[in-house]
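Please read the structure below before turning to the comments.
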Amino acid sequence: MEISIKINGETVTRDVPPQTLLVHFIRDTPGLTGTHWGCDTSNCGACVVRIDGLAVKSCTQLAAMVEGHEVATVEGLEVDGVLDPIQQGFHEMHALHCGFCTPGMMLASRALLDENPDPTEEEIRVAISGGICRCTGYMNIVAAVRWAADYEARHLSPTKQEA
Amino acid sequence: MATTVENLPSPDTERPIGFGRLKRKEDARFIRGKGTYLDDIRLPGMLHGAILRSPYAHAKINSIDTSKALEHPDVVAVMTAKDLETLGLAWMPTISYDTQAVLAGDKVRFQGQEVAFVIATNEYSARDALPLIEVEYEPLPAVVNARKALDADAPLIRDDKPGQTDNLATPTWEAGDEQATERVFAEADHITTRDVMYQRVHPAPMETCGMIADFNPVTGQLDLYNGNQAPHVHRTVYAHVAGLAEHKIRIMCNDIGGGFGNKVPVYPGYVCTIAASIVAGTPVKWVEDRTEHLTSTGFARDYIMHSSICSKAGRITGLKVDVIADHGAWDATAQPTKFPAGFFHICCGSYDLEASHVQVKAVYTNKAAGGVAYRCSFRITEAVYLVERMVEALAQETEVDPIDLRMNSFIRPEQFPYETTTGWTYDSGEYARTMKVAMDIAGYEDLRKEQAERRARGEMMGVGVTFFTEGVGAGPRKHMDILGMSMNDGADLRVHPSGKAVVSISAQTQGQGHETTFAQIVSEELGIPPEDVQVRYGDTDRSPYGLGTYGSRSTPVSGAAVSIVSRKVRDKARMIAATILETRPDDLAWEKGRWYVKGDPEKGGMIEEIAHRAYSGESLPEGFEGGLDAQVIYDPPNLTYPFGAYICVVDIDPETYHVKIRRFIAVDDCGVRINPMIVDGQIHGGLAEGIGIALMELISFDEEGNCLNSSFMDYLIPTSMECPAFELGETVTPSPHHPLGAKGVGESPTVGSPPAIVNAIIDALRQQHPDVTHIDMPCTPDRVWAAAMGHPEPPQ
Amino acid sequence: MQTPAPTQYERATSVEGAIELLTKIGPTARIVAGGHSLIPMMRLRLAQPECVIDINDLHELSYIREEGDEIRIGALTRHVDLLRSDLLAQRFPVFADAEEVIADPVVRNRGTLGGSLCQADPAEDLSAVVTALKGSVVIRGADGERVITMDEFHVGPYMTAVKDAEILIEVRFAVRPGAGSAHEKVERRAGDYAIAAVSAAVWIDGGTIVDAGVALVAVGPFTIDAKRARELLIGKPVTEELFAQAGQIAAEESMPGSDSRGPAEYKRHLVGVLTKRALGRAAARALHQEA
């Protein structure tokens, strides 16, 4: 069946079998292999994307279910080559080693900050608890999200802060 | 606003030229979602493989009917053992000189074993075809209990091996001195005995294993895309196994989503993929799913240990250990050839023992093969777990503080280099100092006070201590080889006319930050800024032969190689500088980045100028070839011996027995640190893995050999909720033989943390249940409850 | 990665339309809402529906509202909305307690109340919440609607009273004065299913318990309504000893099996502890004594 999904602002249309998972629909789109997969049971969070702003495990949705909705992937975090503060925070605070869980972690963190710009350590840990990182032990990921929160508090314009 | 990481402005203080906290060069692609992991790669005309696996742990195969699968419109071929036999590929050697089936022919020997390989035009169809293959199995009794594997009535697993009449995988291997140990025990004041199990676990990196094989039938070139930890050794294995020309095999690892020892072995799926590409003449991709990963790739540990420890006059004097190792259906443990039990005999620990004796034998069972993996330093995780549990038990029974017992028994600084009772020569150490730093960070005395107060209130708070010494950086060629290849590493350094450099290394990062740290080593030695040093690795066509990355060997071996090759370049640069400055080489002194005239420091040559001169048409020293590069193969004289003191604080719910790790203090001494940020990151990660092992990770089987933990629903890995904010400290005791004074560190946290956590749990339980003396991991709430009730059982 | 077997996909545009599709296609069709029960089963090929009927566009089934003396929750209401609802926090804080320990925040963005109840996994928490609160379940089919109790809803493990061409559309709770509720759970790791969990609700008048509900998770073939524990509580004043006793009885009513989460004896022990704790917190909330 033909499915159209808006990914990072651009409509992607492809003819795929109905059982195609969203994660594969994304990954089979040129340039969009940044969304990963790591398990069979919706536990690892490597596949996390944002659908209409909410963090969702893309391995646990059929692509067909997402037609008509907006998907944001890791590739959409940067705008015209300018990194999102979350990305910058992950770099500043050494919040990635192998990088495999990183896109999912960053999108879950971005979703958190969009809703809660000043999260506590506990709130950050809860927000990223849908993903597993085998490399970092999470401490630097928490620090990275806090770094981004502080950065945005300092740098966002008043109107953006209100939004 | 932020900008792309390549030109993120960092203050100079954050961009050391050499050692120091340098943000990672490799981050750019990962944070932008532009990494190249195996499944990201698509080649034109690529086909997809999927593996049919046995549902039985032990069964004869009477027939395999692939006809229905072949009728599927998208299926191109189905391979079975018969097809591989014609290619001579039905069986292949393991990393420990055993053989393993690539696809099962006569019978299957573990649940999850490879039986057939489907090749289709897309991944979904390949998987749709699997249930269409009809295999007639005749189930056989299975043996899953390693303690029973050698019973007279145990079913024979390896009837494929001529002369094999039982399930013994490797005969008993010994270290130490049995008689001397018996004498020491006879004279001891106190003897403590325990059965200690280190359960089967799995490294479970977030990226599973897979391969793309691209065989060009016209040129005979075989290109392999495969995230593995030892690409050169793999290439040699394929050349040997498949009878292919080694110089026509190229392995490209690209980005690897974690290894932890899981990506060291050569797996049957790889051989199937290669065979499929050779037969089809097109690229073939195979990537396993998580269940395949957990049930067929290299597991870790599974050591059943029986041990006694003794003391005299308040000092630990002797240790003896007897081990049954469960190797699974094949002997596929990855360690240096002369060490069939890996480095387990470092279980003599950090103590000045008078004698010790170690015996290890390995058995076959109807389970997946493996044993040496998961950040283990070749079984040092098992060794340290054993000795630190025994020391704790001894402290309990003799009613002394566990830190006091250790302090009284430590090897003293003046005893280094120290030869242990099992033949190791520890290079350097200052243990008491490190122990004290940990006690300070923890506030040890206050913790004990608080513990007593909580005990009076009916609560269960525990403090667990561990001190470890491990040996990493395999290793000297006279002692250490894997499959006959010496454990030396190469390094090539080329400085270009512009003064920018490329260093090629045999180490193979799976997230350890090599693109940054190895650039920093060149920076430290030559003064070229790290952003001007490109680190090249992961492509067997473009990197020097070496044994790869596992066993924390990258810094000790490849790090030393890069240091030495940089010094060779520096020495060449000196000769050229002398010519430029019209003086003699002996008149020159070095400061980072330039050679200068000793008597006249203003007069000097920057490394960039020297590099340019090396390639230019101007005169060079007599007999000197042009260019500014060097090559080295480094043969380490010894392992390096990092050590550490860990303290864990737990609170156990007195009614539910749920364990919460409140604090974890880790003080590591890994010698000189190249990038402290990366060292700390490695420690965080290893501590999280240790928490997983201590509290929740287990690969277990039922009586029929069904694996009970074959997905991430049942193989539990810690999330952000289970890991505390780690408290790290450091001491620095350089390695006397390493050119940088550095030791390895990646595995220290998984070595040191499980015993610290288990010791804390027992300490906590004893606050309200003083008869508790032991528990085996994983310490899930039900197992903690069982220990409190007086019936702790080892896991299946 | 494990992938689903071939299937067809239909997207429902109304509840009636969904029922029509179910009727037309028959039992080989499965409804998908959040998808976090069905899709994993399809990937493991434990479920191989010939057609998946997507009801995520039926926004009219997503609500939490007070109507008269009832709270009504639409079946398509997501876990995250149950967690954050001020109305539920006020009336039935057991929902927030349970949601905090159901799966993880990402899964909670998609999973639904209706999906959880209809999956009827014996280790699933919301069934216990609804049972303890004495909720009733509204089921619609081609012939109209029917309202049943949780007793009638649970038929067997992974089996509910929802028939092939029917959809669960709403869950209803009576709002009565003096209510307090809580959920207690022990799990091996964040996001895991319970080793055991208990939902408890009490209605207190003048210091006396006038009604109660105790429901047990993961200790039987489906959610267990601990009726004997409830009987003990009715008409009694609130005391710690009473709750400990109720815990003992609830433990006797549980039917745990031994598995990789633990032996039956331990699970029974947990039921006793968690019942006591859940009742204690429920009572404190009813009496407005909780901090």
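Letters for chains follow the order of the structure tokens (A, B, ...), residue numbers begin at 1 for each chain, and ligand numbers begin at 1 in the order shown.
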
At most 6 Å to chain B: residues in chain A, only C-alpha atoms, as a VMD selection string: chain A and resid 33 to 34 38 to 39 74 to 75 81 to 83 87 97 to 100 125 129 132 135 to 139

Go ahead and write the residues just picked, C-alpha atoms, as an mmCIF file, in the first residue's frame.
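Contents of out38.cif, as written:
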data_model
loop_
_atom_site.group_PDB
_atom_site.id
_atom_site.type_symbol
_atom_site.label_atom_id
_atom_site.label_comp_id
_atom_site.auth_asym_id
_atom_site.auth_seq_id
_atom_site.Cartn_x
_atom_site.Cartn_y
_atom_site.Cartn_z
ATOM 1 C CA THR A 33 19.448 5.779 9.003
ATOM 2 C CA GLY A 34 20.043 7.723 12.224
ATOM 3 C CA GLY A 38 18.178 -2.902 19.011
ATOM 4 C CA CYS A 39 15.567 -5.372 20.217
ATOM 5 C CA VAL A 74 17.478 12.738 14.922
ATOM 6 C CA GLU A 75 18.345 14.173 11.530
ATOM 7 C CA GLY A 81 23.697 22.906 10.129
ATOM 8 C CA VAL A 82 23.079 24.525 13.494
ATOM 9 C CA LEU A 83 22.964 21.943 16.269
ATOM 10 C CA GLN A 87 23.115 17.697 20.601
ATOM 11 C CA HIS A 97 30.398 6.383 23.509
ATOM 12 C CA CYS A 98 29.329 4.102 20.663
ATOM 13 C CA GLY A 99 26.498 6.420 19.670
ATOM 14 C CA PHE A 100 23.939 3.696 18.991
ATOM 15 C CA ARG A 125 16.244 9.940 34.615
ATOM 16 C CA SER A 129 14.181 5.403 31.270
ATOM 17 C CA ILE A 132 18.895 1.479 27.416
ATOM 18 C CA CYS A 135 28.083 2.354 27.390
ATOM 19 C CA THR A 136 27.693 5.498 29.467
ATOM 20 C CA GLY A 137 26.073 4.491 32.754
ATOM 21 C CA TYR A 138 23.628 7.404 32.181
ATOM 22 C CA MET A 139 25.374 9.903 34.425
#

Selection: 12 Å around Pro6 in chain C, only C-alpha atoms, excl. self and same-chain fewer than 4 positions, as JSON, numbers by chain: {"A": [16, 17, 18, 19, 20, 21, 62], "B": [124, 125, 127, 128, 129], "C": [42, 43, 45, 47, 48, 49, 50, 51, 52]}

Residue list for chain C near chain B as JSON, numbers by chain, 10 Å, only C-alpha atoms: {"C": [1, 2, 3, 4, 5, 6, 44, 185, 186, 187, 188, 189, 190, 191, 192, 193, 195, 259, 260, 261, 262, 263, 264, 265, 266, 267, 269, 270, 271, 272, 273, 274]}

Determine, using only C-alpha atoms, which residues of chain C have any atom at most 7 Å from an atom of chain A, and tabulate each with its shortest atom pair and distance in Å to one decimal place, rows ordered by chain and then rising number, as a tab-separated table.
residue	atom	partner	partner_atom	distance
C:Met1	CA	A:Asp40	CA	6.2
C:Gln2	CA	A:Asp40	CA	5.9
C:Pro4	CA	A:Gln19	CA	5.9
C:Ala5	CA	A:Gln19	CA	6.8
C:Pro6	CA	A:Gln19	CA	5.7
C:Thr7	CA	A:Gln19	CA	5.7
C:Gln8	CA	A:Pro18	CA	5.6
C:Tyr9	CA	A:Pro18	CA	5.9
C:Gly35	CA	A:Gln61	CA	6.4
C:His36	CA	A:Thr60	CA	6.1
C:Ile39	CA	A:Thr60	CA	5.6
C:Pro40	CA	A:Thr41	CA	5.7
C:Asp54	CA	A:Met65	CA	6.8
C:Asp104	CA	A:Gly130	CA	5.0
C:Pro105	CA	A:Ala127	CA	6.2
C:Val106	CA	A:Val56	CA	5.5
C:Val107	CA	A:Val56	CA	6.8
C:Asn109	CA	A:Leu54	CA	6.7

Output file for the residues above (C-alpha atoms, as a PDB file, in the first residue's frame):
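Writing done, so here's part-v9.pdb:
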ATOM      1  CA  MET C   1      15.036  -7.570  13.727  1.00  0.00           C
ATOM      2  CA  GLN C   2      11.932  -9.687  14.046  1.00  0.00           C
ATOM      3  CA  PRO C   4       5.480  -9.083  11.459  1.00  0.00           C
ATOM      4  CA  ALA C   5       4.015 -11.604   9.056  1.00  0.00           C
ATOM      5  CA  PRO C   6       2.116 -10.226   6.062  1.00  0.00           C
ATOM      6  CA  THR C   7      -1.151  -8.540   7.030  1.00  0.00           C
ATOM      7  CA  GLN C   8      -3.687  -6.034   5.775  1.00  0.00           C
ATOM      8  CA  TYR C   9      -4.431  -2.630   7.256  1.00  0.00           C
ATOM      9  CA  GLY C  35      -0.011  -1.013  19.537  1.00  0.00           C
ATOM     10  CA  HIS C  36       2.345  -1.846  22.388  1.00  0.00           C
ATOM     11  CA  ILE C  39       2.757  -5.065  17.518  1.00  0.00           C
ATOM     12  CA  PRO C  40       5.333  -6.853  19.713  1.00  0.00           C
ATOM     13  CA  ASP C  54      -6.434   0.983  13.452  1.00  0.00           C
ATOM     14  CA  ASP C 104       8.224   3.565  30.643  1.00  0.00           C
ATOM     15  CA  PRO C 105       7.304   7.150  29.713  1.00  0.00           C
ATOM     16  CA  VAL C 106       7.771   6.561  25.974  1.00  0.00           C
ATOM     17  CA  VAL C 107       5.467   3.531  25.926  1.00  0.00           C
ATOM     18  CA  ASN C 109       2.675   8.071  25.242  1.00  0.00           C
TER      19      ASN C 109
END

Distance in Å - CA of Val363 in chain B versus CA of Asp195 in chain B: 18.1 Å

Close residues, range 132-148 of chain C itself excluded, 7 Å, only C-alpha atoms, min 5 positions apart in chain, as a VMD selection string: chain C and resid 19 153 162 165 to 173 199 to 201 213 to 215

DSSP alpha helix (DSSP H) selection over range 603-637 of chain B, as a ChimeraX atom specification: /B:607-615

Contact residues around Val210 in chain C with only C-alpha atoms at 7 Å, ignoring same-chain residues under 5 positions, as a list of chain:residue names: C:Trp203, C:Ile204, C:Asp205, C:Ile234, C:Gly235

Write out the residues from the selection above, keeping C-alpha atoms, as a compact mmCIF listing (two decimals), in the first residue's frame.
# COMPACT_ATOMS: atom_id res chain seq x y z
CA TRP C 203 -14.18 4.55 51.38
CA ILE C 204 -14.16 5.88 54.90
CA ASP C 205 -16.95 7.50 56.85
CA ILE C 234 -15.92 -3.49 55.91
CA GLY C 235 -17.28 -1.80 58.99

Near-Asp106 in chain B list (10 Å; only C-alpha atoms; drop same-chain fewer than 5 positions) as a list in words: Ala59, Lys60, Ile61, Asn62, Ser63, Ala81, Ala101, Asp159 and Asp160 of chain B

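Atom pair CA of Glu354 in chain B / CA of Phe410 in chain B: separated by 12.1 Å.
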